[in-house]
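Enquirer: Here you go, this is data_19.csv (CSV, C-alpha atoms and all ligand atoms).
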chain,number,residue,atom,x,y,z
A,16,MET,CA,32.7,-24.8,-29.9
A,17,THR,CA,31.4,-28.2,-28.8
A,18,PRO,CA,30.6,-30.2,-31.8
A,19,ALA,CA,27.1,-31.6,-31.7
A,20,ASN,CA,27.6,-35.1,-30.6
A,21,PRO,CA,24.2,-36.8,-30.1
A,22,LYS,CA,25.5,-38.9,-27.2
A,23,THR,CA,26.8,-36.0,-25.1
A,24,ALA,CA,24.6,-33.1,-26.3
A,25,ASN,CA,22.3,-33.4,-23.3
A,26,LEU,CA,25.2,-32.9,-21.0
A,27,HIS,CA,26.2,-29.6,-22.6
A,28,ALA,CA,23.5,-27.0,-22.3
A,29,VAL,CA,25.6,-24.7,-24.5
A,30,ALA,CA,25.2,-26.8,-27.6
A,31,PRO,CA,21.5,-26.7,-28.4
A,32,GLN,CA,20.3,-29.8,-30.1
A,33,THR,CA,17.8,-28.2,-32.4
A,34,VAL,CA,17.5,-24.8,-33.8
A,35,GLN,CA,14.0,-24.1,-35.2
A,36,PHE,CA,13.5,-22.2,-38.4
A,37,TYR,CA,10.8,-20.0,-37.0
A,38,ASP,CA,9.9,-19.6,-33.3
A,39,LEU,CA,6.7,-17.6,-32.9
A,40,ALA,CA,6.2,-18.9,-29.3
A,41,ARG,CA,9.3,-17.1,-28.0
A,42,GLN,CA,8.1,-13.9,-29.6
A,43,ARG,CA,4.7,-14.3,-28.1
A,44,ALA,CA,6.2,-14.7,-24.6
A,45,ARG,CA,8.1,-11.3,-25.1
A,46,ILE,CA,5.0,-9.4,-26.2
A,47,GLU,CA,2.3,-11.3,-24.2
A,48,PRO,CA,0.9,-8.5,-21.9
A,49,GLU,CA,0.6,-6.0,-24.8
A,50,LEU,CA,-0.9,-8.6,-27.0
A,51,LYS,CA,-3.5,-9.8,-24.5
A,52,ALA,CA,-4.6,-6.2,-23.7
A,53,GLY,CA,-5.0,-5.4,-27.4
A,54,LEU,CA,-7.1,-8.5,-28.1
A,55,GLU,CA,-9.2,-8.0,-25.0
A,56,ALA,CA,-10.0,-4.5,-26.1
A,57,VAL,CA,-11.3,-5.7,-29.4
A,58,LEU,CA,-13.4,-8.5,-27.8
A,59,SER,CA,-15.0,-5.9,-25.5
A,60,HIS,CA,-15.7,-3.1,-28.1
A,61,GLY,CA,-16.8,-5.8,-30.6
A,62,GLN,CA,-16.1,-3.9,-33.9
A,63,PHE,CA,-14.6,-6.9,-35.6
A,64,ILE,CA,-14.8,-5.3,-39.1
A,65,LEU,CA,-12.8,-2.1,-39.6
A,66,GLY,CA,-12.6,-1.4,-35.9
A,67,PRO,CA,-10.4,1.5,-34.5
A,68,GLU,CA,-7.3,-0.8,-34.4
A,69,VAL,CA,-7.4,-1.1,-38.2
A,70,GLU,CA,-7.3,2.7,-38.6
A,71,THR,CA,-4.5,2.9,-36.0
A,72,ILE,CA,-2.3,0.3,-37.7
A,73,GLU,CA,-3.0,1.9,-41.1
A,74,GLU,CA,-1.7,5.2,-39.8
A,75,GLU,CA,1.3,3.6,-38.2
A,76,LEU,CA,2.1,1.7,-41.4
A,77,ALA,CA,1.8,4.8,-43.6
A,78,SER,CA,4.1,6.8,-41.3
A,79,TYR,CA,6.6,3.9,-41.0
A,80,ALA,CA,6.8,3.6,-44.8
A,81,ASP,CA,6.8,7.3,-45.5
A,82,VAL,CA,3.7,7.2,-47.6
A,83,LYS,CA,0.4,9.0,-47.5
A,84,HIS,CA,-1.9,6.0,-47.3
A,85,GLY,CA,-1.8,2.6,-45.5
A,86,ILE,CA,-4.8,0.3,-46.2
A,87,GLY,CA,-5.3,-2.9,-44.2
A,88,ILE,CA,-6.1,-5.8,-46.5
A,89,SER,CA,-7.1,-9.5,-46.0
A,90,SER,CA,-3.8,-11.0,-47.3
A,91,GLY,CA,-0.7,-10.1,-49.3
A,92,ARG,CA,-2.1,-11.9,-52.4
A,93,ASP,CA,-5.4,-10.0,-52.1
A,94,ALA,CA,-3.4,-6.8,-51.8
A,95,LEU,CA,-1.6,-7.6,-55.1
A,96,ILE,CA,-4.9,-8.4,-56.8
A,97,MET,CA,-6.5,-5.2,-55.5
A,98,ALA,CA,-3.5,-3.2,-56.8
A,99,LEU,CA,-4.0,-4.7,-60.2
A,100,MET,CA,-7.8,-4.0,-60.1
A,101,ALA,CA,-7.2,-0.4,-59.0
A,102,LEU,CA,-5.0,0.1,-62.0
A,103,GLU,CA,-7.7,-1.6,-64.2
A,104,ILE,CA,-5.3,-4.3,-65.4
A,105,GLY,CA,-7.0,-7.3,-66.9
A,106,PRO,CA,-7.4,-9.3,-70.1
A,107,GLY,CA,-5.1,-8.3,-72.9
A,108,ASP,CA,-2.5,-6.9,-70.5
A,109,ALA,CA,0.9,-8.2,-69.7
A,110,VAL,CA,2.5,-7.9,-66.3
A,111,PHE,CA,6.2,-8.7,-65.9
A,112,VAL,CA,7.0,-10.9,-62.8
A,113,PRO,CA,10.2,-12.6,-61.7
A,114,ALA,CA,10.5,-16.3,-62.5
A,115,PHE,CA,12.0,-16.9,-59.1
A,116,THR,CA,9.5,-15.9,-56.4
A,117,PHE,CA,6.5,-17.2,-54.4
A,118,SER,CA,3.7,-18.4,-56.7
A,119,ALA,CA,1.3,-15.6,-55.4
A,120,THR,CA,3.2,-13.0,-57.4
A,121,ALA,CA,2.3,-14.5,-60.8
A,122,GLY,CA,-1.0,-16.0,-59.4
A,123,SER,CA,-2.4,-12.6,-58.6
A,124,VAL,CA,-1.7,-11.4,-62.2
A,125,ALA,CA,-3.5,-14.5,-63.7
A,126,SER,CA,-6.4,-14.0,-61.2
A,127,VAL,CA,-7.4,-10.7,-62.9
A,128,GLY,CA,-7.2,-12.2,-66.3
A,129,ALA,CA,-3.9,-10.6,-67.3
A,130,VAL,CA,-0.9,-12.5,-68.6
A,131,PRO,CA,2.1,-13.0,-66.3
A,132,VAL,CA,5.4,-12.7,-68.4
A,133,PHE,CA,8.3,-14.2,-66.6
A,134,VAL,CA,11.6,-12.3,-66.2
A,135,ASP,CA,14.9,-13.9,-65.0
A,136,VAL,CA,16.6,-12.8,-61.8
A,137,ASP,CA,20.0,-11.6,-60.7
A,138,GLY,CA,22.0,-14.5,-59.1
A,139,ALA,CA,23.6,-12.2,-56.4
A,140,THR,CA,20.5,-10.5,-55.1
A,141,PHE,CA,17.8,-13.0,-56.2
A,142,ASN,CA,15.7,-10.1,-57.5
A,143,MET,CA,14.4,-9.2,-61.0
A,144,CYS,CA,17.1,-8.5,-63.5
A,145,PRO,CA,16.5,-5.1,-65.1
A,146,ASP,CA,18.3,-6.1,-68.3
A,147,ASP,CA,16.2,-9.2,-68.7
A,148,LEU,CA,13.1,-7.1,-68.1
A,149,ALA,CA,14.0,-4.8,-71.0
A,150,HIS,CA,14.5,-7.8,-73.2
A,151,ARG,CA,11.1,-9.4,-72.2
A,152,ILE,CA,9.3,-6.1,-72.7
A,153,ALA,CA,10.7,-5.8,-76.2
A,154,GLU,CA,9.8,-9.4,-77.0
A,155,THR,CA,6.3,-8.9,-75.7
A,156,ARG,CA,5.8,-5.8,-77.8
A,157,SER,CA,7.1,-7.4,-81.0
A,158,ALA,CA,4.9,-10.5,-80.5
A,159,GLY,CA,2.0,-8.1,-80.3
A,160,LYS,CA,-0.5,-10.5,-78.5
A,161,VAL,CA,-0.7,-8.6,-75.2
A,162,VAL,CA,0.1,-5.0,-74.2
A,163,PRO,CA,2.8,-4.4,-71.5
A,164,ARG,CA,1.0,-2.6,-68.7
A,165,ALA,CA,2.9,-3.2,-65.5
A,166,VAL,CA,6.0,-4.7,-63.9
A,167,MET,CA,5.8,-6.4,-60.5
A,168,PRO,CA,9.2,-6.6,-58.9
A,169,VAL,CA,9.5,-8.7,-55.7
A,170,ASP,CA,11.8,-7.7,-52.8
A,171,LEU,CA,12.9,-11.3,-52.3
A,172,PHE,CA,13.9,-12.5,-48.9
A,173,GLY,CA,13.5,-8.9,-47.6
A,174,LEU,CA,15.9,-7.1,-50.0
A,175,PRO,CA,14.3,-4.3,-52.0
A,176,ALA,CA,14.5,-4.9,-55.8
A,177,ASN,CA,16.5,-2.5,-58.1
A,178,TYR,CA,13.7,0.1,-58.2
A,179,SER,CA,15.9,2.8,-59.7
A,180,ALA,CA,16.7,0.8,-62.8
A,181,ILE,CA,13.2,-0.8,-63.0
A,182,SER,CA,11.3,2.5,-62.5
A,183,GLU,CA,13.4,4.3,-65.2
A,184,LEU,CA,12.7,1.5,-67.6
A,185,ALA,CA,9.0,1.5,-66.7
A,186,ALA,CA,8.7,5.2,-67.3
A,187,ARG,CA,10.4,4.9,-70.7
A,188,GLU,CA,8.0,2.0,-71.6
A,189,ASP,CA,5.0,3.7,-70.1
A,190,ILE,CA,4.2,0.8,-67.7
A,191,VAL,CA,3.4,1.1,-64.0
A,192,VAL,CA,5.4,-0.5,-61.1
A,193,ILE,CA,3.5,-2.6,-58.6
A,194,ALA,CA,5.9,-3.6,-55.7
A,195,ASP,CA,5.4,-7.1,-54.2
A,196,ALA,CA,6.8,-6.2,-50.8
A,197,ALA,CA,5.2,-9.2,-49.1
A,198,GLN,CA,8.6,-10.1,-47.5
A,199,SER,CA,10.2,-6.7,-47.1
A,200,LEU,CA,8.4,-4.3,-44.9
A,201,GLY,CA,11.2,-2.4,-43.0
A,202,GLY,CA,13.7,-2.8,-45.9
A,203,ILE,CA,15.4,0.3,-47.3
A,204,ALA,CA,16.7,1.2,-50.8
A,205,PRO,CA,18.9,4.3,-51.6
A,206,GLN,CA,15.8,6.2,-52.7
A,207,GLY,CA,13.7,5.4,-49.6
A,208,ARG,CA,11.8,2.9,-47.5
A,209,VAL,CA,9.8,-0.1,-48.7
A,210,GLY,CA,6.3,1.2,-49.4
A,211,SER,CA,7.6,4.4,-51.0
A,212,LEU,CA,9.6,2.8,-53.8
A,213,ALA,CA,6.7,2.3,-56.2
A,214,PRO,CA,3.3,4.1,-56.9
A,215,ILE,CA,1.6,1.1,-55.2
A,216,THR,CA,3.0,-1.5,-52.8
A,217,ALA,CA,1.6,-4.8,-51.4
A,218,VAL,CA,2.7,-6.1,-48.1
A,219,SER,CA,1.8,-9.5,-46.4
A,220,PHE,CA,1.3,-10.1,-42.7
A,221,TYR,CA,1.3,-13.9,-43.0
A,222,PRO,CA,2.5,-15.2,-39.6
A,223,THR,CA,6.1,-15.9,-40.7
A,224,LYS,CA,6.7,-12.7,-42.6
A,225,PRO,CA,8.9,-10.0,-40.8
A,226,LEU,CA,5.8,-8.3,-39.4
A,227,GLY,CA,3.4,-11.2,-39.0
A,228,ALA,CA,-0.2,-11.5,-37.7
A,229,TYR,CA,-1.8,-14.5,-36.1
A,230,GLY,CA,-3.6,-15.4,-39.3
A,231,ASP,CA,-3.8,-13.9,-42.8
A,232,GLY,CA,-3.4,-10.2,-43.3
A,233,GLY,CA,-1.8,-7.6,-45.6
A,234,ALA,CA,-1.7,-4.0,-46.6
A,235,ILE,CA,-1.5,-1.6,-49.5
A,236,LEU,CA,0.9,1.3,-49.2
A,237,SER,CA,0.7,4.2,-51.6
A,238,SER,CA,1.0,8.0,-51.9
A,239,ARG,CA,-1.5,8.2,-54.8
A,240,ASP,CA,-4.9,9.4,-53.6
A,241,ASP,CA,-6.7,7.9,-56.6
A,242,LEU,CA,-5.3,4.4,-56.1
A,243,ALA,CA,-5.9,4.5,-52.4
A,244,GLU,CA,-9.5,5.5,-52.9
A,245,SER,CA,-10.0,2.7,-55.4
A,246,VAL,CA,-8.4,0.1,-53.1
A,247,ARG,CA,-10.6,1.2,-50.2
A,248,GLN,CA,-13.7,0.7,-52.4
A,249,ILE,CA,-12.5,-2.6,-53.8
A,250,ARG,CA,-11.8,-4.1,-50.3
A,251,THR,CA,-15.4,-3.4,-49.3
A,252,HIS,CA,-17.4,-4.9,-52.2
A,253,GLY,CA,-16.8,-1.9,-54.4
A,254,ARG,CA,-18.7,0.4,-52.2
A,255,GLN,CA,-17.8,3.9,-51.1
A,256,GLY,CA,-17.6,4.0,-47.2
A,257,SER,CA,-20.9,2.6,-45.8
A,258,GLY,CA,-22.8,3.3,-49.1
A,259,ASP,CA,-25.2,0.7,-50.4
A,260,GLU,CA,-24.3,0.9,-54.1
A,261,ALA,CA,-21.5,-1.1,-55.6
A,262,LEU,CA,-19.7,1.5,-57.7
A,263,ARG,CA,-17.3,-1.1,-59.1
A,264,LEU,CA,-16.4,-4.8,-58.7
A,265,GLY,CA,-14.8,-5.5,-55.4
A,266,MET,CA,-13.9,-8.2,-52.9
A,267,THR,CA,-14.3,-9.0,-49.2
A,268,GLY,CA,-10.7,-7.8,-48.6
A,269,ARG,CA,-10.3,-6.1,-45.3
A,270,LEU,CA,-7.7,-6.7,-42.6
A,271,ASP,CA,-9.7,-7.8,-39.6
A,272,THR,CA,-9.6,-6.0,-36.3
A,273,LEU,CA,-8.2,-8.8,-34.2
A,274,GLN,CA,-5.3,-9.1,-36.6
A,275,ALA,CA,-4.8,-5.3,-36.5
A,276,ALA,CA,-4.5,-5.6,-32.6
A,277,VAL,CA,-1.9,-8.3,-33.0
A,278,LEU,CA,0.1,-6.1,-35.5
A,279,LEU,CA,-0.1,-3.1,-33.2
A,280,ALA,CA,1.6,-5.1,-30.4
A,281,LYS,CA,4.2,-6.3,-32.8
A,282,MET,CA,4.9,-2.9,-34.4
A,283,LYS,CA,6.2,-1.8,-31.0
A,284,VAL,CA,9.1,-4.3,-31.2
A,285,PHE,CA,9.4,-4.4,-35.0
A,286,ASP,CA,12.5,-2.2,-35.3
A,287,ASP,CA,14.3,-4.0,-32.5
A,288,GLU,CA,13.5,-7.3,-34.3
A,289,LEU,CA,14.8,-6.0,-37.6
A,290,LYS,CA,18.0,-5.0,-35.8
A,291,ALA,CA,18.4,-8.5,-34.3
A,292,ARG,CA,17.9,-10.0,-37.8
A,293,GLN,CA,20.5,-7.6,-39.2
A,294,GLN,CA,23.0,-8.6,-36.5
A,295,ILE,CA,22.4,-12.4,-37.1
A,296,ALA,CA,22.8,-11.8,-40.9
A,297,GLU,CA,26.1,-10.0,-40.3
A,298,ARG,CA,27.5,-12.9,-38.2
A,299,TYR,CA,26.4,-15.5,-40.8
A,300,THR,CA,28.0,-13.5,-43.6
A,301,GLN,CA,31.3,-13.0,-41.7
A,302,SER,CA,31.5,-16.6,-40.7
A,303,LEU,CA,30.2,-18.4,-43.8
A,304,GLY,CA,31.6,-16.4,-46.7
A,305,ASN,CA,34.4,-18.9,-47.3
A,306,PHE,CA,32.0,-21.8,-47.3
A,307,ALA,CA,29.1,-20.8,-49.5
A,308,ILE,CA,27.8,-17.9,-51.6
A,309,THR,CA,26.3,-15.5,-49.0
A,310,PRO,CA,23.5,-13.0,-49.8
A,311,HIS,CA,24.7,-9.8,-51.5
A,312,ILE,CA,23.3,-6.5,-50.2
A,313,PRO,CA,24.1,-3.7,-52.7
A,314,GLU,CA,25.5,-0.4,-51.3
A,315,GLY,CA,22.8,1.8,-49.8
A,316,TYR,CA,20.3,-1.1,-49.3
A,317,GLN,CA,19.0,-2.7,-46.1
A,318,SER,CA,17.2,-6.0,-46.1
A,319,ALA,CA,14.4,-6.8,-43.7
A,320,TRP,CA,15.9,-10.3,-43.6
A,321,ALA,CA,12.7,-12.2,-44.0
A,322,LEU,CA,15.0,-15.1,-45.0
A,323,TYR,CA,18.8,-15.5,-45.0
A,324,THR,CA,19.6,-17.5,-48.1
A,325,LEU,CA,22.8,-19.2,-49.0
A,326,ARG,CA,23.7,-20.7,-52.4
A,327,VAL,CA,25.4,-24.1,-52.0
A,328,PRO,CA,26.1,-27.0,-54.4
A,329,ARG,CA,24.6,-30.4,-53.5
A,330,ARG,CA,22.0,-28.4,-51.6
A,331,ASP,CA,19.7,-31.3,-50.7
A,332,GLU,CA,22.6,-33.3,-49.1
A,333,VAL,CA,23.7,-30.2,-47.2
A,334,ARG,CA,20.2,-29.7,-45.9
A,335,GLU,CA,20.0,-33.3,-44.7
A,336,ALA,CA,23.4,-33.1,-42.9
A,337,LEU,CA,22.3,-29.8,-41.2
A,338,SER,CA,19.1,-31.4,-40.2
A,339,ALA,CA,21.1,-34.3,-38.6
A,340,ARG,CA,22.9,-31.7,-36.6
A,341,GLY,CA,19.7,-30.2,-35.4
A,342,VAL,CA,19.6,-27.2,-37.7
A,343,ALA,CA,16.3,-26.6,-39.5
A,344,THR,CA,16.6,-25.0,-42.9
A,345,GLY,CA,14.1,-23.8,-45.5
A,346,LEU,CA,13.9,-24.1,-49.3
A,347,PHE,CA,12.6,-20.9,-50.9
A,348,TYR,CA,12.1,-21.7,-53.7
A,349,LYS,CA,12.9,-25.0,-55.3
A,350,ILE,CA,10.7,-24.8,-58.3
A,351,PRO,CA,10.9,-21.6,-60.4
A,352,LEU,CA,7.4,-20.3,-61.5
A,353,HIS,CA,7.8,-21.2,-65.2
A,354,HIS,CA,7.8,-24.9,-64.1
A,355,HIS,CA,4.6,-24.6,-62.0
A,356,ALA,CA,1.6,-26.5,-63.5
A,357,ALA,CA,-0.7,-23.5,-62.8
A,358,PHE,CA,1.3,-21.2,-65.0
A,359,ALA,CA,1.8,-23.5,-68.0
A,360,PRO,CA,-0.7,-21.6,-70.2
A,361,TRP,CA,1.5,-18.5,-70.0
A,362,VAL,CA,5.0,-20.0,-70.4
A,363,ASP,CA,6.6,-19.2,-73.8
A,364,ALA,CA,8.1,-22.6,-74.9
A,365,ASN,CA,11.2,-20.8,-76.3
A,366,ALA,CA,11.9,-18.7,-73.2
A,367,THR,CA,14.7,-19.7,-70.9
A,368,PHE,CA,15.5,-18.6,-67.3
A,369,PRO,CA,19.0,-19.9,-66.6
A,370,VAL,CA,19.6,-18.0,-63.4
A,371,SER,CA,16.3,-18.8,-61.9
A,372,GLU,CA,16.9,-22.5,-62.7
A,373,LYS,CA,20.3,-22.4,-61.1
A,374,VAL,CA,19.4,-20.6,-57.9
A,375,ALA,CA,16.4,-22.8,-57.4
A,376,ASP,CA,18.8,-25.8,-57.2
A,377,GLU,CA,21.2,-24.0,-54.8
A,378,VAL,CA,19.2,-22.0,-52.4
A,379,LEU,CA,19.2,-22.9,-48.7
A,380,SER,CA,17.8,-20.6,-46.0
A,381,LEU,CA,19.1,-20.6,-42.5
A,382,PRO,CA,17.1,-19.7,-39.3
A,383,ILE,CA,17.1,-15.9,-38.8
A,384,HIS,CA,14.2,-15.2,-36.5
A,385,PRO,CA,14.9,-12.5,-33.9
A,386,ASP,CA,14.7,-14.8,-30.9
A,387,LEU,CA,17.7,-17.0,-31.8
A,388,THR,CA,20.1,-17.2,-28.8
A,389,ASP,CA,23.8,-16.6,-29.3
A,390,ALA,CA,24.4,-20.3,-28.6
A,391,GLU,CA,21.9,-21.2,-31.4
A,392,ILE,CA,23.6,-18.8,-33.8
A,393,ASP,CA,27.0,-20.3,-33.0
A,394,HIS,CA,25.6,-23.8,-33.5
A,395,VAL,CA,24.2,-22.9,-36.9
A,396,ILE,CA,27.5,-21.3,-38.0
A,397,ALA,CA,29.6,-24.3,-36.7
A,398,SER,CA,27.3,-26.8,-38.3
A,399,VAL,CA,27.3,-25.1,-41.7
A,400,GLN,CA,31.1,-24.8,-41.6
A,401,ALA,CA,31.5,-28.4,-40.6
A,402,VAL,CA,29.1,-29.6,-43.3
A,403,LEU,CA,30.6,-27.5,-46.1
A,404,SER,CA,34.3,-28.0,-45.3
B,501,LIG,C1,3.9,-14.4,-48.8
B,501,LIG,C2,4.0,-13.8,-50.2
B,501,LIG,C3,2.9,-13.4,-50.9
B,501,LIG,C4,1.5,-13.6,-50.5
B,501,LIG,O1,1.2,-13.2,-49.2
B,501,LIG,P1,-0.1,-13.8,-48.4
B,501,LIG,O2,-0.3,-12.9,-47.3
B,501,LIG,O3,0.4,-15.2,-48.0
B,501,LIG,O4,-1.2,-13.9,-49.4
B,501,LIG,C5,3.1,-12.8,-52.2
B,501,LIG,N1,4.3,-12.6,-52.7
B,501,LIG,C6,5.4,-13.0,-52.0
B,501,LIG,C7,6.7,-12.7,-52.6
B,501,LIG,C8,5.3,-13.6,-50.8
B,501,LIG,O5,6.4,-14.0,-50.2
In structure tokens, how does this file's structure come out?

Expert:
Amino acid sequence: MTPANPKTANLHAVAPQTVQFYDLARQRARIEPELKAGLEAVLSHGQFILGPEVETIEEELASYADVKHGIGISSGRDALIMALMALEIGPGDAVFVPAFTFSATAGSVASVGAVPVFVDVDGATFNMCPDDLAHRIAETRSAGKVVPRAVMPVDLFGLPANYSAISELAAREDIVVIADAAQSLGGIAPQGRVGSLAPITAVSFYPTKPLGAYGDGGAILSSRDDLAESVRQIRTHGRQGSGDEALRLGMTGRLDTLQAAVLLAKMKVFDDELKARQQIAERYTQSLGNFAITPHIPEGYQSAWALYTLRVPRRDEVREALSARGVATGLFYKIPLHHHAAFAPWVDANATFPVSEKVADEVLSLPIHPDLTDAEIDHVIASVQAVLS
């Protein structure tokens, strides 16, 4: 492998100078005809709200995830909020969330007036630790200020959380599981596909998620008729269908038709893209295992590989050295949620989250988008090896 030497790099087309973290332009070039035809169709029929493309993508999502209902929503965060609203969770209720995730997870809980209670994560999978969950539920019950109502595991970086342990505990504690699958559509756990792992699941179509729209979008997946009906009302101002009366409090929370057309074009190539991500992950793990802590995928699980995240000491220096070699990296997430100013009102001063603290200092995500070339993957691997040896 040619080392990236800035003076000669231009002479060697095999050694790419820069590897982008995301590359939506290459994906667009692949799907352009399908995409344009889909968007043109929406412009000509003009049903911008809940047009036929929304219904089609909802059916495709439900069948893809092995659930009865797919409901197109305005964003992933709105989907989480609507799941909480459908379950009538609000003031006086506690919802358990990981301390290491994107801020929307806890933010959605606080938005409905409930209390987010942070739970530490597992250092190998980055997902909620079921033992710590048991511990936080017991603490919350004995403090007696708020009532445990739900747990919201996150499938971080695309890997489904430990739903078997979490669901068992939830059943024992009589609390409901709301899956934050914003990053994990396409992921698989031993008991089934993402979407079918909890009574209600929220997905995001933010442009850089595994299945991304060209703007904000999301979905609710569920096999429960009562929850699906509630969410459908909530996303349309609390009305039933085209009825005039608000039956409950709602939102303007629909997936728009143009985004549904984008998603339909992308669904056609989604499984191929997941395969490409899986192959890149395998190459990284084989080549980098001696240089850094690589992501652990437990037996029987498949990640959607929204992100490929290493744990490395002196992370910021490593990141800079990779950037000098033309390898873009990502930091997800460098501040655990209990340190965010927005959540200060709900952080128990005595609670500690040692694993979340540690991983936040060590995580470093490598490019894993499906349009990486072999030369780019080689360049990422050689650069990480060089920087970490
Ligand atoms: C992206 C994301 C969300 C929010 O999704 P939006 O569509 O951006 O609102 C929520 N939770 C997690 C874990 C996410 O990664």

Enquirer: Please compute the atom CA of Asp231 of chain A-atom P1 of ligand LIG 501 (chain B) distance, one decimal, in Å.

Expert: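 Between these atoms lies a distance of 6.7 Å.
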
Enquirer: Just how far from atom CA of Val136 of chain A is atom CA of Ala356 of chain A, in Å to one decimal?

Expert: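 Calculated distance between atom CA of Ala356 of chain A and atom CA of Val136 of chain A is 20.4 Å.
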
Enquirer: Which residues are near ligand LIG 501 (chain B) in this structure, taking near to mean any atom at most 8 Å from a ligand atom and counting all atoms listed in the file? Format them as a list in words.

Expert: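 Residues satisfying the distance criterion: Ser89, Ser90, Gly91, Arg92, Asp93, Ala94, Leu95, Thr116, Phe117, Ser118, Ala119, Thr120, Val169, Asp170, Leu171, Phe172, Asp195, Ala196, Ala197, Gln198, Val218, Ser219, Phe220, Tyr221, Lys224, Asp231, Gly232 and Gly233 of chain A.
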
Enquirer: What gap, in Å, lies between atom CA of Leu174 of chain A and atom CA of Ala40 of chain A?

Expert: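 Atom CA of Ala40 of chain A lies at a distance of 25.7 Å from atom CA of Leu174 of chain A.
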
Enquirer: Determine, counting all atoms listed in the file, which protein, DNA and RNA residues have an atom within 7 Å of an atom of Thr216 of chain A; residues of the same chain fewer than 2 positions away are not included. Present the result as JSON, numbers by chain.

Expert: {"A": [193, 194, 195, 196, 210, 213, 214, 218, 235, 236, 237]}

Enquirer: Using only C-alpha atoms, what table do you get, as JSON lines, when you list each residue of segment 210-260 of chain A with an atom no more than 10 Å from segment 304-328 of chain A, its nearest pair of atoms, and their distance in Å rounded to one decimal, rows by chain then rising number?

Expert:
{"residue": "A:Thr223", "atom": "CA", "partner": "A:Ala321", "partner_atom": "CA", "distance": 8.3}
{"residue": "A:Lys224", "atom": "CA", "partner": "A:Ala321", "partner_atom": "CA", "distance": 6.2}
{"residue": "A:Pro225", "atom": "CA", "partner": "A:Ala321", "partner_atom": "CA", "distance": 5.4}
{"residue": "A:Leu226", "atom": "CA", "partner": "A:Ala321", "partner_atom": "CA", "distance": 9.2}

Enquirer: Let's have the selection written as a PDB file, in the coordinates of the input, with C-alpha atoms.

Expert:
ATOM      1  CA  THR A 223       6.100 -15.900 -40.700  1.00  0.00           C
ATOM      2  CA  LYS A 224       6.700 -12.700 -42.600  1.00  0.00           C
ATOM      3  CA  PRO A 225       8.900 -10.000 -40.800  1.00  0.00           C
ATOM      4  CA  LEU A 226       5.800  -8.300 -39.400  1.00  0.00           C
TER       5      LEU A 226
END

Enquirer: Quick one: of A:Val402, A:Ile350, A:Ile104, A:Glu391, who's nearest to Glu372 of chain A, counting all atoms listed in the file?

Expert: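 Using all atoms listed in the file, Glu372 of chain A sits closest to A:Ile350.
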
Enquirer: Have a look at A:Arg298, A:Arg187, A:His384, A:Arg239 and name the one nearest to Arg41 of chain A; count only C-alpha atoms.

Expert: A:His384

Enquirer: Go through A:Gly107, A:Glu55, A:Thr155, A:Lys373 and flag the residue nearest Arg329 of chain A, using all atoms listed in the file for the distances.

Expert: A:Lys373

Enquirer: Looking at A:Pro131, A:Ala375, A:Pro48, A:Glu70, which one is nearest to Val362 of chain A, with distances taken over all atoms listed in the file?

Expert: A:Pro131

Enquirer: Considering only C-alpha atoms, state which residue in the set A:Val399, A:Ala291, A:Ala390, A:Val161 is at the smallest distance from Ala343 of chain A.

Expert: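 Ranking A:Val399, A:Ala291, A:Ala390, A:Val161 by distance to Ala343 of chain A, first place goes to A:Val399.
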
Enquirer: Have a look at A:Ala101, A:Ile383, A:Ala56, A:Ile88 and name the one nearest to Glu297 of chain A; count all atoms listed in the file.

Expert: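 The answer is A:Ile383, which sits nearest to Glu297 of chain A.
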
Enquirer: Compute the distance from (-8.6, -9.4, -67.8) to each atom, counting all atoms listed in the file, keep the residues with any atom at most 10 Å away, and return them as an mmCIF file with C-alpha atoms, in the frame of the given file; use the coordinates of the file.

Expert:
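Output saved as point_9.cif:
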data_model
loop_
_atom_site.group_PDB
_atom_site.id
_atom_site.type_symbol
_atom_site.label_atom_id
_atom_site.label_comp_id
_atom_site.auth_asym_id
_atom_site.auth_seq_id
_atom_site.Cartn_x
_atom_site.Cartn_y
_atom_site.Cartn_z
ATOM 1 C CA MET A 100 -7.800 -4.000 -60.100
ATOM 2 C CA GLU A 103 -7.700 -1.600 -64.200
ATOM 3 C CA ILE A 104 -5.300 -4.300 -65.400
ATOM 4 C CA GLY A 105 -7.000 -7.300 -66.900
ATOM 5 C CA PRO A 106 -7.400 -9.300 -70.100
ATOM 6 C CA GLY A 107 -5.100 -8.300 -72.900
ATOM 7 C CA ASP A 108 -2.500 -6.900 -70.500
ATOM 8 C CA ALA A 109 0.900 -8.200 -69.700
ATOM 9 C CA VAL A 124 -1.700 -11.400 -62.200
ATOM 10 C CA ALA A 125 -3.500 -14.500 -63.700
ATOM 11 C CA SER A 126 -6.400 -14.000 -61.200
ATOM 12 C CA VAL A 127 -7.400 -10.700 -62.900
ATOM 13 C CA GLY A 128 -7.200 -12.200 -66.300
ATOM 14 C CA ALA A 129 -3.900 -10.600 -67.300
ATOM 15 C CA VAL A 130 -0.900 -12.500 -68.600
#

Enquirer: Neighbouring residues of Gly66 of chain A were defined as those with any atom within 10 Å, considering only C-alpha atoms; residues of the same chain fewer than 5 positions away were excluded. Please report them as a list in words.

Expert: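 Near neighbours after the sequence-gap exclusion: Val57, His60, Gly61, Thr71, Leu270, Asp271, Thr272, Leu273, Ala275 and Ala276 of chain A.
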